[in-house]
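Shown here: input.tsv, TSV, N, CA and C atoms.
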chain	number	residue	atom	x	y	z
N	19	MET	N	-127.96	53.96	-69.79
N	19	MET	CA	-126.64	53.75	-69.27
N	19	MET	C	-125.58	54.11	-70.30
N	20	ALA	N	-125.81	53.77	-71.56
N	20	ALA	CA	-124.85	54.08	-72.62
N	20	ALA	C	-124.72	55.58	-72.80
N	21	GLY	N	-125.80	56.31	-72.60
N	21	GLY	CA	-125.77	57.77	-72.72
N	21	GLY	C	-124.93	58.40	-71.62
N	22	ARG	N	-125.01	57.76	-70.46
N	22	ARG	CA	-124.23	58.27	-69.33
N	22	ARG	C	-122.73	58.13	-69.58
N	23	PHE	N	-122.33	56.97	-70.12
N	23	PHE	CA	-120.91	56.75	-70.43
N	23	PHE	C	-120.45	57.67	-71.54
N	24	ARG	N	-121.32	57.92	-72.50
N	24	ARG	CA	-120.99	58.81	-73.59
N	24	ARG	C	-120.75	60.23	-73.07
N	25	LEU	N	-121.58	60.66	-72.14
N	25	LEU	CA	-121.45	61.99	-71.55
N	25	LEU	C	-120.14	62.11	-70.75
N	26	GLN	N	-119.83	61.07	-69.99
N	26	GLN	CA	-118.58	61.07	-69.22
N	26	GLN	C	-117.36	61.06	-70.14
N	27	ARG	N	-117.49	60.33	-71.24
N	27	ARG	CA	-116.39	60.26	-72.19
N	27	ARG	C	-116.17	61.64	-72.84
N	28	LYS	N	-117.26	62.34	-73.18
N	28	LYS	CA	-117.15	63.67	-73.75
N	28	LYS	C	-116.48	64.63	-72.78
N	29	ARG	N	-116.88	64.55	-71.51
N	29	ARG	CA	-116.28	65.42	-70.49
N	29	ARG	C	-114.79	65.13	-70.34
N	30	LEU	N	-114.44	63.85	-70.34
N	30	LEU	CA	-113.05	63.45	-70.20
N	30	LEU	C	-112.22	63.95	-71.39
N	31	CYS	N	-112.73	63.76	-72.59
N	31	CYS	CA	-112.01	64.22	-73.79
N	31	CYS	C	-111.88	65.72	-73.80
N	32	ARG	N	-112.92	66.42	-73.39
N	32	ARG	CA	-112.88	67.87	-73.36
N	32	ARG	C	-111.86	68.37	-72.33
N	33	SER	N	-111.81	67.72	-71.16
N	33	SER	CA	-110.87	68.16	-70.13
N	33	SER	C	-109.42	67.84	-70.50
N	34	LEU	N	-109.20	66.75	-71.23
N	34	LEU	CA	-107.84	66.42	-71.66
N	34	LEU	C	-107.34	67.34	-72.77
N	35	SER	N	-108.23	67.81	-73.62
N	35	SER	CA	-107.82	68.68	-74.71
N	35	SER	C	-107.87	70.16	-74.32
N	36	ASP	N	-108.31	70.46	-73.11
N	36	ASP	CA	-108.39	71.84	-72.65
N	36	ASP	C	-106.99	72.34	-72.31
N	37	GLU	N	-106.59	73.46	-72.93
N	37	GLU	CA	-105.25	74.00	-72.70
N	37	GLU	C	-105.28	75.28	-71.89
N	38	ARG	N	-106.36	75.55	-71.22
N	38	ARG	CA	-106.42	76.74	-70.37
N	38	ARG	C	-105.41	76.58	-69.22
N	39	GLY	N	-104.68	77.62	-68.94
N	39	GLY	CA	-103.68	77.57	-67.87
N	39	GLY	C	-102.29	77.21	-68.35
N	40	MET	N	-102.18	76.73	-69.59
N	40	MET	CA	-100.85	76.35	-70.10
N	40	MET	C	-99.96	77.58	-70.31
N	41	VAL	N	-100.57	78.70	-70.69
N	41	VAL	CA	-99.79	79.92	-70.89
N	41	VAL	C	-99.17	80.36	-69.57
N	42	THR	N	-99.91	80.20	-68.49
N	42	THR	CA	-99.39	80.57	-67.17
N	42	THR	C	-98.18	79.72	-66.80
N	43	VAL	N	-98.26	78.44	-67.05
N	43	VAL	CA	-97.14	77.54	-66.74
N	43	VAL	C	-95.94	77.86	-67.61
N	44	GLU	N	-96.18	78.10	-68.89
N	44	GLU	CA	-95.07	78.43	-69.78
N	44	GLU	C	-94.42	79.76	-69.39
N	45	ALA	N	-95.22	80.71	-68.99
N	45	ALA	CA	-94.69	82.00	-68.54
N	45	ALA	C	-93.86	81.83	-67.27
N	46	ALA	N	-94.31	80.99	-66.37
N	46	ALA	CA	-93.56	80.75	-65.14
N	46	ALA	C	-92.19	80.13	-65.45
N	47	TYR	N	-92.16	79.17	-66.38
N	47	TYR	CA	-90.88	78.58	-66.78
N	47	TYR	C	-89.99	79.62	-67.46
N	48	ALA	N	-90.57	80.46	-68.29
N	48	ALA	CA	-89.78	81.47	-68.99
N	48	ALA	C	-89.19	82.48	-68.00
N	49	ILE	N	-89.98	82.91	-67.03
N	49	ILE	CA	-89.49	83.87	-66.03
N	49	ILE	C	-88.37	83.24	-65.20
N	50	ALA	N	-88.54	81.99	-64.81
N	50	ALA	CA	-87.50	81.31	-64.03
N	50	ALA	C	-86.21	81.18	-64.85
N	51	ALA	N	-86.33	80.89	-66.13
N	51	ALA	CA	-85.15	80.77	-66.98
N	51	ALA	C	-84.46	82.13	-67.15
N	52	LEU	N	-85.24	83.19	-67.28
N	52	LEU	CA	-84.65	84.53	-67.41
N	52	LEU	C	-83.93	84.94	-66.13
N	53	VAL	N	-84.53	84.67	-64.99
N	53	VAL	CA	-83.89	85.01	-63.71
N	53	VAL	C	-82.59	84.24	-63.55
N	54	ALA	N	-82.60	82.95	-63.89
N	54	ALA	CA	-81.37	82.15	-63.79
N	54	ALA	C	-80.30	82.67	-64.74
N	55	ALA	N	-80.68	83.07	-65.94
N	55	ALA	CA	-79.71	83.60	-66.90
N	55	ALA	C	-79.13	84.92	-66.43
N	56	VAL	N	-79.94	85.78	-65.85
N	56	VAL	CA	-79.45	87.06	-65.34
N	56	VAL	C	-78.48	86.86	-64.18
N	57	ILE	N	-78.83	85.95	-63.27
N	57	ILE	CA	-77.93	85.67	-62.13
N	57	ILE	C	-76.61	85.10	-62.63
N	58	LEU	N	-76.67	84.21	-63.60
N	58	LEU	CA	-75.44	83.64	-64.16
N	58	LEU	C	-74.61	84.72	-64.85
N	59	ALA	N	-75.25	85.60	-65.60
N	59	ALA	CA	-74.52	86.67	-66.29
N	59	ALA	C	-73.86	87.62	-65.30
N	60	VAL	N	-74.57	87.99	-64.25
N	60	VAL	CA	-73.99	88.87	-63.23
N	60	VAL	C	-72.83	88.16	-62.53
N	61	GLY	N	-72.96	86.86	-62.29
N	61	GLY	CA	-71.87	86.10	-61.68
N	61	GLY	C	-70.64	86.05	-62.57
N	62	VAL	N	-70.84	85.90	-63.87
N	62	VAL	CA	-69.71	85.87	-64.81
N	62	VAL	C	-69.02	87.23	-64.86
N	63	VAL	N	-69.79	88.30	-64.85
N	63	VAL	CA	-69.18	89.64	-64.83
N	63	VAL	C	-68.41	89.83	-63.52
N	64	GLY	N	-68.97	89.36	-62.41
N	64	GLY	CA	-68.26	89.44	-61.13
N	64	GLY	C	-66.97	88.64	-61.14
N	65	ALA	N	-66.99	87.50	-61.81
N	65	ALA	CA	-65.78	86.68	-61.92
N	65	ALA	C	-64.71	87.40	-62.74
N	66	MET	N	-65.13	88.06	-63.81
N	66	MET	CA	-64.16	88.80	-64.63
N	66	MET	C	-63.55	89.96	-63.85
N	67	VAL	N	-64.37	90.66	-63.08
N	67	VAL	CA	-63.85	91.77	-62.28
N	67	VAL	C	-62.88	91.25	-61.22
N	68	ALA	N	-63.24	90.12	-60.57
N	68	ALA	CA	-62.36	89.54	-59.56
N	68	ALA	C	-61.03	89.09	-60.18
N	69	GLN	N	-61.08	88.55	-61.39
N	69	GLN	CA	-59.85	88.12	-62.07
N	69	GLN	C	-58.94	89.31	-62.35
N	70	ILE	N	-59.52	90.40	-62.81
N	70	ILE	CA	-58.72	91.60	-63.09
N	70	ILE	C	-58.12	92.16	-61.81
N	71	ARG	N	-58.91	92.18	-60.74
N	71	ARG	CA	-58.39	92.69	-59.46
N	71	ARG	C	-57.28	91.79	-58.93
N	72	CYS	N	-57.42	90.47	-59.08
N	72	CYS	CA	-56.37	89.55	-58.63
N	72	CYS	C	-55.09	89.76	-59.44
N	73	THR	N	-55.22	89.97	-60.74
N	73	THR	CA	-54.05	90.20	-61.59
N	73	THR	C	-53.34	91.49	-61.19
N	74	ASP	N	-54.13	92.55	-60.97
N	74	ASP	CA	-53.52	93.82	-60.55
N	74	ASP	C	-52.83	93.68	-59.19
N	75	ALA	N	-53.48	93.00	-58.26
N	75	ALA	CA	-52.90	92.83	-56.92
N	75	ALA	C	-51.63	92.00	-56.98
N	76	ALA	N	-51.62	90.92	-57.75
N	76	ALA	CA	-50.43	90.07	-57.84
N	76	ALA	C	-49.27	90.85	-58.44
N	77	ARG	N	-49.53	91.64	-59.45
N	77	ARG	CA	-48.46	92.43	-60.08
N	77	ARG	C	-47.88	93.44	-59.10
N	78	GLU	N	-48.75	94.15	-58.39
N	78	GLU	CA	-48.27	95.17	-57.45
N	78	GLU	C	-47.51	94.56	-56.27
N	79	VAL	N	-48.04	93.47	-55.74
N	79	VAL	CA	-47.36	92.82	-54.61
N	79	VAL	C	-46.00	92.29	-55.04
N	80	ALA	N	-45.91	91.71	-56.23
N	80	ALA	CA	-44.62	91.21	-56.72
N	80	ALA	C	-43.64	92.36	-56.90
N	81	ARG	N	-44.10	93.46	-57.46
N	81	ARG	CA	-43.22	94.61	-57.67
N	81	ARG	C	-42.74	95.18	-56.35
N	82	LEU	N	-43.66	95.35	-55.41
N	82	LEU	CA	-43.29	95.92	-54.11
N	82	LEU	C	-42.41	94.97	-53.30
N	83	SER	N	-42.70	93.68	-53.35
N	83	SER	CA	-41.88	92.70	-52.63
N	83	SER	C	-40.47	92.64	-53.22
N	84	ALA	N	-40.37	92.76	-54.53
N	84	ALA	CA	-39.04	92.73	-55.17
N	84	ALA	C	-38.22	93.94	-54.75
N	85	ALA	N	-38.89	95.04	-54.43
N	85	ALA	CA	-38.19	96.26	-53.99
N	85	ALA	C	-37.91	96.23	-52.49
N	86	GLY	N	-38.41	95.20	-51.78
N	86	GLY	CA	-38.14	95.07	-50.36
N	86	GLY	C	-39.20	95.66	-49.45
N	87	ASP	N	-40.36	96.01	-49.97
N	87	ASP	CA	-41.44	96.58	-49.15
N	87	ASP	C	-42.10	95.48	-48.32
N	88	ARG	N	-42.10	95.65	-47.01
N	88	ARG	CA	-42.68	94.64	-46.12
N	88	ARG	C	-44.21	94.74	-46.02
N	89	GLY	N	-44.80	95.84	-46.45
N	89	GLY	CA	-46.25	96.01	-46.38
N	89	GLY	C	-46.94	95.64	-47.68
N	90	ALA	N	-46.27	94.89	-48.53
N	90	ALA	CA	-46.83	94.57	-49.84
N	90	ALA	C	-48.08	93.70	-49.74
N	91	ARG	N	-48.12	92.77	-48.80
N	91	ARG	CA	-49.28	91.88	-48.66
N	91	ARG	C	-50.55	92.67	-48.33
N	92	GLU	N	-50.43	93.66	-47.45
N	92	GLU	CA	-51.59	94.47	-47.08
N	92	GLU	C	-52.08	95.30	-48.26
N	93	ILE	N	-51.15	95.80	-49.05
N	93	ILE	CA	-51.53	96.57	-50.24
N	93	ILE	C	-52.25	95.67	-51.24
N	94	GLY	N	-51.78	94.43	-51.37
N	94	GLY	CA	-52.46	93.48	-52.26
N	94	GLY	C	-53.87	93.18	-51.80
N	95	THR	N	-54.07	93.09	-50.49
N	95	THR	CA	-55.41	92.87	-49.96
N	95	THR	C	-56.31	94.07	-50.22
N	96	GLN	N	-55.74	95.27	-50.14
N	96	GLN	CA	-56.52	96.48	-50.44
N	96	GLN	C	-56.92	96.53	-51.91
N	97	ILE	N	-56.04	96.12	-52.79
N	97	ILE	CA	-56.33	96.16	-54.23
N	97	ILE	C	-57.35	95.11	-54.61
N	98	ALA	N	-57.15	93.86	-54.15
N	98	ALA	CA	-58.02	92.77	-54.56
N	98	ALA	C	-59.30	92.69	-53.75
N	99	GLY	N	-59.36	93.31	-52.58
N	99	GLY	CA	-60.56	93.26	-51.77
N	99	GLY	C	-60.42	92.29	-50.61
N	100	GLU	N	-61.35	92.39	-49.69
N	100	GLU	CA	-61.32	91.53	-48.50
N	100	GLU	C	-61.58	90.07	-48.88
N	101	GLY	N	-61.03	89.17	-48.10
N	101	GLY	CA	-61.27	87.75	-48.30
N	101	GLY	C	-60.40	87.10	-49.35
N	102	VAL	N	-59.34	87.77	-49.79
N	102	VAL	CA	-58.43	87.17	-50.77
N	102	VAL	C	-57.27	86.51	-50.05
N	103	ASP	N	-56.65	85.59	-50.72
N	103	ASP	CA	-55.48	84.90	-50.18
N	103	ASP	C	-54.27	85.35	-51.00
N	104	VAL	N	-53.32	86.00	-50.34
N	104	VAL	CA	-52.10	86.48	-51.00
N	104	VAL	C	-50.94	85.63	-50.50
N	105	ALA	N	-50.30	84.91	-51.40
N	105	ALA	CA	-49.16	84.06	-51.05
N	105	ALA	C	-47.91	84.59	-51.74
N	106	ILE	N	-46.87	84.84	-50.96
N	106	ILE	CA	-45.60	85.34	-51.48
N	106	ILE	C	-44.55	84.27	-51.28
N	107	THR	N	-43.92	83.86	-52.37
N	107	THR	CA	-42.87	82.85	-52.33
N	107	THR	C	-41.57	83.47	-52.82
N	108	GLU	N	-40.54	83.39	-51.99
N	108	GLU	CA	-39.25	83.94	-52.36
N	108	GLU	C	-38.30	82.78	-52.64
N	109	GLY	N	-37.72	82.78	-53.81
N	109	GLY	CA	-36.78	81.73	-54.18
N	109	GLY	C	-35.63	82.30	-54.98
N	110	GLY	N	-34.48	82.39	-54.37
N	110	GLY	CA	-33.31	82.91	-55.08
N	110	GLY	C	-33.50	84.37	-55.44
N	111	GLU	N	-33.41	84.65	-56.71
N	111	GLU	CA	-33.54	86.03	-57.21
N	111	GLU	C	-34.96	86.33	-57.69
N	112	ARG	N	-35.89	85.41	-57.50
N	112	ARG	CA	-37.26	85.61	-57.96
N	112	ARG	C	-38.24	85.65	-56.80
N	113	ILE	N	-39.26	86.44	-56.98
N	113	ILE	CA	-40.37	86.50	-56.03
N	113	ILE	C	-41.64	86.17	-56.81
N	114	THR	N	-42.36	85.17	-56.34
N	114	THR	CA	-43.60	84.75	-56.99
N	114	THR	C	-44.77	85.06	-56.05
N	115	VAL	N	-45.77	85.71	-56.58
N	115	VAL	CA	-46.96	86.08	-55.80
N	115	VAL	C	-48.18	85.45	-56.45
N	116	THR	N	-48.98	84.80	-55.63
N	116	THR	CA	-50.24	84.22	-56.09
N	116	THR	C	-51.37	84.82	-55.27
N	117	VAL	N	-52.38	85.34	-55.96
N	117	VAL	CA	-53.55	85.93	-55.31
N	117	VAL	C	-54.77	85.12	-55.73
N	118	ARG	N	-55.54	84.64	-54.73
N	118	ARG	CA	-56.76	83.86	-54.99
N	118	ARG	C	-57.96	84.55	-54.36
N	119	SER	N	-59.07	84.50	-55.08
N	119	SER	CA	-60.29	85.11	-54.58
N	119	SER	C	-61.47	84.24	-54.97
N	120	ARG	N	-62.50	84.23	-54.13
N	120	ARG	CA	-63.71	83.47	-54.47
N	120	ARG	C	-64.74	84.42	-55.09
N	121	ILE	N	-65.67	83.85	-55.82
N	121	ILE	CA	-66.71	84.61	-56.51
N	121	ILE	C	-67.98	84.53	-55.68
N	122	LEU	N	-68.59	85.68	-55.39
N	122	LEU	CA	-69.76	85.71	-54.51
N	122	LEU	C	-70.97	85.03	-55.13
N	123	LEU	N	-71.31	85.33	-56.36
N	123	LEU	CA	-72.53	84.79	-56.96
N	123	LEU	C	-72.34	83.41	-57.60
N	124	LEU	N	-71.13	82.94	-57.66
N	124	LEU	CA	-70.85	81.61	-58.21
N	124	LEU	C	-70.09	80.80	-57.16
N	125	PRO	N	-70.82	80.23	-56.20
N	125	PRO	CA	-70.14	79.50	-55.12
N	125	PRO	C	-69.34	78.32	-55.66
N	126	GLY	N	-68.21	78.11	-55.04
N	126	GLY	CA	-67.34	77.01	-55.45
N	126	GLY	C	-66.34	77.40	-56.52
N	127	LEU	N	-66.49	78.57	-57.10
N	127	LEU	CA	-65.58	79.02	-58.14
N	127	LEU	C	-64.59	80.02	-57.55
N	128	LYS	N	-63.32	79.81	-57.83
N	128	LYS	CA	-62.27	80.71	-57.38
N	128	LYS	C	-61.46	81.14	-58.58
N	129	VAL	N	-60.99	82.38	-58.54
N	129	VAL	CA	-60.09	82.87	-59.57
N	129	VAL	C	-58.75	83.17	-58.92
N	130	SER	N	-57.70	83.09	-59.71
N	130	SER	CA	-56.37	83.37	-59.16
N	130	SER	C	-55.51	84.01	-60.24
N	131	ALA	N	-54.47	84.67	-59.76
N	131	ALA	CA	-53.50	85.29	-60.66
N	131	ALA	C	-52.11	85.14	-60.04
N	132	ARG	N	-51.12	85.04	-60.89
N	132	ARG	CA	-49.75	84.87	-60.41
N	132	ARG	C	-48.84	85.84	-61.14
N	133	ALA	N	-47.91	86.42	-60.39
N	133	ALA	CA	-46.93	87.34	-60.97
N	133	ALA	C	-45.56	86.99	-60.43
N	134	VAL	N	-44.57	87.16	-61.26
N	134	VAL	CA	-43.17	86.87	-60.89
N	134	VAL	C	-42.36	88.14	-61.13
N	135	ALA	N	-41.51	88.46	-60.18
N	135	ALA	CA	-40.63	89.63	-60.31
N	135	ALA	C	-39.23	89.26	-59.88
N	136	ALA	N	-38.25	89.89	-60.50
N	136	ALA	CA	-36.85	89.69	-60.12
N	136	ALA	C	-36.55	90.60	-58.94
N	137	ARG	N	-35.84	90.03	-57.98
N	137	ARG	CA	-35.47	90.81	-56.79
N	137	ARG	C	-34.56	91.96	-57.21
N	138	GLU	N	-34.88	93.15	-56.73
N	138	GLU	CA	-34.07	94.33	-57.05
N	138	GLU	C	-32.86	94.38	-56.12
N	139	PRO	N	-31.73	94.78	-56.64
N	139	PRO	CA	-30.54	94.87	-55.77
N	139	PRO	C	-30.73	96.00	-54.77
N	140	ASP	N	-30.11	95.83	-53.60
N	140	ASP	CA	-30.25	96.86	-52.57
N	140	ASP	C	-29.36	98.07	-52.86
N	141	GLY	N	-28.37	97.89	-53.69
N	141	GLY	CA	-27.54	99.02	-54.12
N	141	GLY	C	-26.34	99.29	-53.25
N	142	ALA	N	-26.24	98.67	-52.10
N	142	ALA	CA	-25.11	98.95	-51.20
N	142	ALA	C	-23.78	98.56	-51.82
N	143	ASP	N	-23.77	97.47	-52.56
N	143	ASP	CA	-22.52	97.01	-53.15
N	143	ASP	C	-22.23	97.69	-54.49
N	144	LEU	N	-23.12	98.50	-54.96
N	144	LEU	CA	-22.94	99.17	-56.25
N	144	LEU	C	-22.46	100.61	-56.11
N	145	VAL	N	-22.39	101.10	-54.90
N	145	VAL	CA	-22.03	102.51	-54.68
N	145	VAL	C	-20.52	102.61	-54.44
N	146	ASP	N	-19.90	103.52	-55.18
N	146	ASP	CA	-18.48	103.80	-54.94
N	146	ASP	C	-18.40	105.14	-54.21
N	147	PHE	N	-17.87	105.06	-53.01
N	147	PHE	CA	-17.71	106.28	-52.22
N	147	PHE	C	-16.35	106.91	-52.50
N	148	ALA	N	-16.32	108.18	-52.37
N	148	ALA	CA	-15.06	108.92	-52.55
N	148	ALA	C	-14.13	108.59	-51.39
N	149	PRO	N	-12.83	108.71	-51.59
N	149	PRO	CA	-11.90	108.44	-50.50
N	149	PRO	C	-12.19	109.34	-49.30
N	150	GLY	N	-12.24	108.74	-48.16
N	150	GLY	CA	-12.48	109.46	-46.92
N	150	GLY	C	-13.96	109.67	-46.61
N	151	VAL	N	-14.84	109.23	-47.52
N	151	VAL	CA	-16.29	109.36	-47.30
N	151	VAL	C	-16.86	107.96	-47.16
N	152	GLY	N	-17.63	107.73	-46.14
N	152	GLY	CA	-18.21	106.41	-45.94
N	152	GLY	C	-19.74	106.48	-45.93
N	153	PRO	N	-20.35	105.34	-45.84
N	153	PRO	CA	-21.81	105.32	-45.84
N	153	PRO	C	-22.40	105.90	-44.57

What would the structure in this file look like if it were written as structure tokens?
Amino acid sequence: MAGRFRLQRKRLCRSLSDERGMVTVEAAYAIAALVAAVILAVGVVGAMVAQIRCTDAAREVARLSAAGDRGAREIGTQIAGEGVDVAITEGGERITVTVRSRILLLPGLKVSARAVAAREPDGADLVDFAPGVGP
């Protein structure tokens, strides 16, 4: 009977100290970590691109709105891409434009850009016409 327990104990110790298959598990964890890191890196690059596009769109929309262009919002959507939110606020002599966009690979994250432009004069009151000539 003592020999039987000794044999079972040897088998148990051998199976506990056996590390076969550990390399497979470690490789699986390493591959999963690499995939997660690559997805995160691509998402960060996408966020940077979206930020630059939002900045460009906000600047152009503010410039065009200050000049009186009514199609500025559509141009901002073309520059920044579909699914962006373009908000134009007019206050006194200033026009403020805010462009917001979401990031595809990083859900829940949004980037935004804001631009301010001074309203351009229409020029009607700055023109001096010659006598007898009207607008």

DSSP on the backbone: which residues in chain N end up as strand (DSSP E or B)? Give the answer as a PyMOL selection string.
chain N and resi 103-109+112-120+128-136

For the selection just defined, write its residues with N, CA and C atoms to a file, as a tab-separated table (two decimals), in the coordinates of the input.
chain	number	residue	atom	x	y	z
N	103	ASP	N	-56.65	85.59	-50.72
N	103	ASP	CA	-55.48	84.90	-50.18
N	103	ASP	C	-54.27	85.35	-51.00
N	104	VAL	N	-53.32	86.00	-50.34
N	104	VAL	CA	-52.10	86.48	-51.00
N	104	VAL	C	-50.94	85.63	-50.50
N	105	ALA	N	-50.30	84.91	-51.40
N	105	ALA	CA	-49.16	84.06	-51.05
N	105	ALA	C	-47.91	84.59	-51.74
N	106	ILE	N	-46.87	84.84	-50.96
N	106	ILE	CA	-45.60	85.34	-51.48
N	106	ILE	C	-44.55	84.27	-51.28
N	107	THR	N	-43.92	83.86	-52.37
N	107	THR	CA	-42.87	82.85	-52.33
N	107	THR	C	-41.57	83.47	-52.82
N	108	GLU	N	-40.54	83.39	-51.99
N	108	GLU	CA	-39.25	83.94	-52.36
N	108	GLU	C	-38.30	82.78	-52.64
N	109	GLY	N	-37.72	82.78	-53.81
N	109	GLY	CA	-36.78	81.73	-54.18
N	109	GLY	C	-35.63	82.30	-54.98
N	112	ARG	N	-35.89	85.41	-57.50
N	112	ARG	CA	-37.26	85.61	-57.96
N	112	ARG	C	-38.24	85.65	-56.80
N	113	ILE	N	-39.26	86.44	-56.98
N	113	ILE	CA	-40.37	86.50	-56.03
N	113	ILE	C	-41.64	86.17	-56.81
N	114	THR	N	-42.36	85.17	-56.34
N	114	THR	CA	-43.60	84.75	-56.99
N	114	THR	C	-44.77	85.06	-56.05
N	115	VAL	N	-45.77	85.71	-56.58
N	115	VAL	CA	-46.96	86.08	-55.80
N	115	VAL	C	-48.18	85.45	-56.45
N	116	THR	N	-48.98	84.80	-55.63
N	116	THR	CA	-50.24	84.22	-56.09
N	116	THR	C	-51.37	84.82	-55.27
N	117	VAL	N	-52.38	85.34	-55.96
N	117	VAL	CA	-53.55	85.93	-55.31
N	117	VAL	C	-54.77	85.12	-55.73
N	118	ARG	N	-55.54	84.64	-54.73
N	118	ARG	CA	-56.76	83.86	-54.99
N	118	ARG	C	-57.96	84.55	-54.36
N	119	SER	N	-59.07	84.50	-55.08
N	119	SER	CA	-60.29	85.11	-54.58
N	119	SER	C	-61.47	84.24	-54.97
N	120	ARG	N	-62.50	84.23	-54.13
N	120	ARG	CA	-63.71	83.47	-54.47
N	120	ARG	C	-64.74	84.42	-55.09
N	128	LYS	N	-63.32	79.81	-57.83
N	128	LYS	CA	-62.27	80.71	-57.38
N	128	LYS	C	-61.46	81.14	-58.58
N	129	VAL	N	-60.99	82.38	-58.54
N	129	VAL	CA	-60.09	82.87	-59.57
N	129	VAL	C	-58.75	83.17	-58.92
N	130	SER	N	-57.70	83.09	-59.71
N	130	SER	CA	-56.37	83.37	-59.16
N	130	SER	C	-55.51	84.01	-60.24
N	131	ALA	N	-54.47	84.67	-59.76
N	131	ALA	CA	-53.50	85.29	-60.66
N	131	ALA	C	-52.11	85.14	-60.04
N	132	ARG	N	-51.12	85.04	-60.89
N	132	ARG	CA	-49.75	84.87	-60.41
N	132	ARG	C	-48.84	85.84	-61.14
N	133	ALA	N	-47.91	86.42	-60.39
N	133	ALA	CA	-46.93	87.34	-60.97
N	133	ALA	C	-45.56	86.99	-60.43
N	134	VAL	N	-44.57	87.16	-61.26
N	134	VAL	CA	-43.17	86.87	-60.89
N	134	VAL	C	-42.36	88.14	-61.13
N	135	ALA	N	-41.51	88.46	-60.18
N	135	ALA	CA	-40.63	89.63	-60.31
N	135	ALA	C	-39.23	89.26	-59.88
N	136	ALA	N	-38.25	89.89	-60.50
N	136	ALA	CA	-36.85	89.69	-60.12
N	136	ALA	C	-36.55	90.60	-58.94

Could you pull out the helix (DSSP H, G or I) residues of chain N, going by DSSP on the backbone, and write them as a PyMOL selection string?
chain N and resi 20-35+40-84+90-98+142-144

Using all atoms listed in the file, which residue out of N:Val117, N:Met66, N:Ala85, N:Ala90 lies closest to Val102 (chain N)?
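Comparing N:Val117, N:Met66, N:Ala85, N:Ala90 against Val102 (chain N), the winner is N:Val117.
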
Take every atom of region 68-86 of chain N listed in the file, pad by 4 Å on each side, and give me the axis-aligned box centre and edge lengths in Å, one decimal, as JSON.
{"center_x": -50.6, "center_y": 92.2, "center_z": -56.3, "size_x": 33.3, "size_y": 16.1, "size_z": 21.6}

Between CA of Ala131 (chain N) and CA of Gln96 (chain N), what distance in Å does the model show, to one decimal?
15.5 Å

So how many Å separate atom N of Thr107 (chain N) and atom N of Gly126 (chain N), to one decimal?
25.1 Å

If you count only N, CA and C atoms, which residues fall within 7 Å of Arg91 (chain N), apart from same-chain ones fewer than 4 positions away, as a PyMOL selection string?
chain N and resi 79+87+95-96+104

From the list N:Ile97, N:Pro125, N:Val134, N:Gln26, the nearest residue to Val67 (chain N) using only C-alpha atoms is N:Ile97

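The residue that comes closest to Ala105 (chain N), out of N:Arg81, N:Lys28, N:Arg132, N:Arg120 and on the basis of only C-alpha atoms, is N:Arg132.
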
What gap, in Å, lies between CA of Arg88 (chain N) and CA of Asp140 (chain N)?
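Computing it gives 14.2 Å between the two atoms.
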
Compile the contact shell of Ile106 (chain N) as an MDAnalysis selection string: residues with an atom at most 7 Å away, counting all atoms listed in the file, same-chain residues fewer than 4 positions apart removed.
chainID N and resid 113:116

For a quick check of understanding, using all atoms listed in the file, which of N:Asp103, N:Glu78, N:Glu44, N:Glu138 has the smallest distance to Arg118 (chain N)?
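Under the stated criterion, the closest residue is N:Asp103.
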
Please produce, as a Markdown table, a per-residue contact table for region 91-130 of chain N versus region 54-64 of chain N (criterion: any atom at most 7 Å away, only C-alpha atoms considered), showing the nearest atom pair and its distance in Å to one decimal, sorted by chain then residue number.
| residue | atom | partner | partner_atom | distance |
| --- | --- | --- | --- | --- |
| N:Ile121 | CA | N:Gly64 | CA | 6.9 |
| N:Leu123 | CA | N:Gly61 | CA | 4.9 |
| N:Leu124 | CA | N:Gly61 | CA | 5.8 |

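Of the listed residues N:Gly150, N:Gly110, N:Gly101, N:Pro139, the one whose atoms come nearest to Leu122 (chain N) is N:Gly101, with distances taken using only C-alpha atoms.
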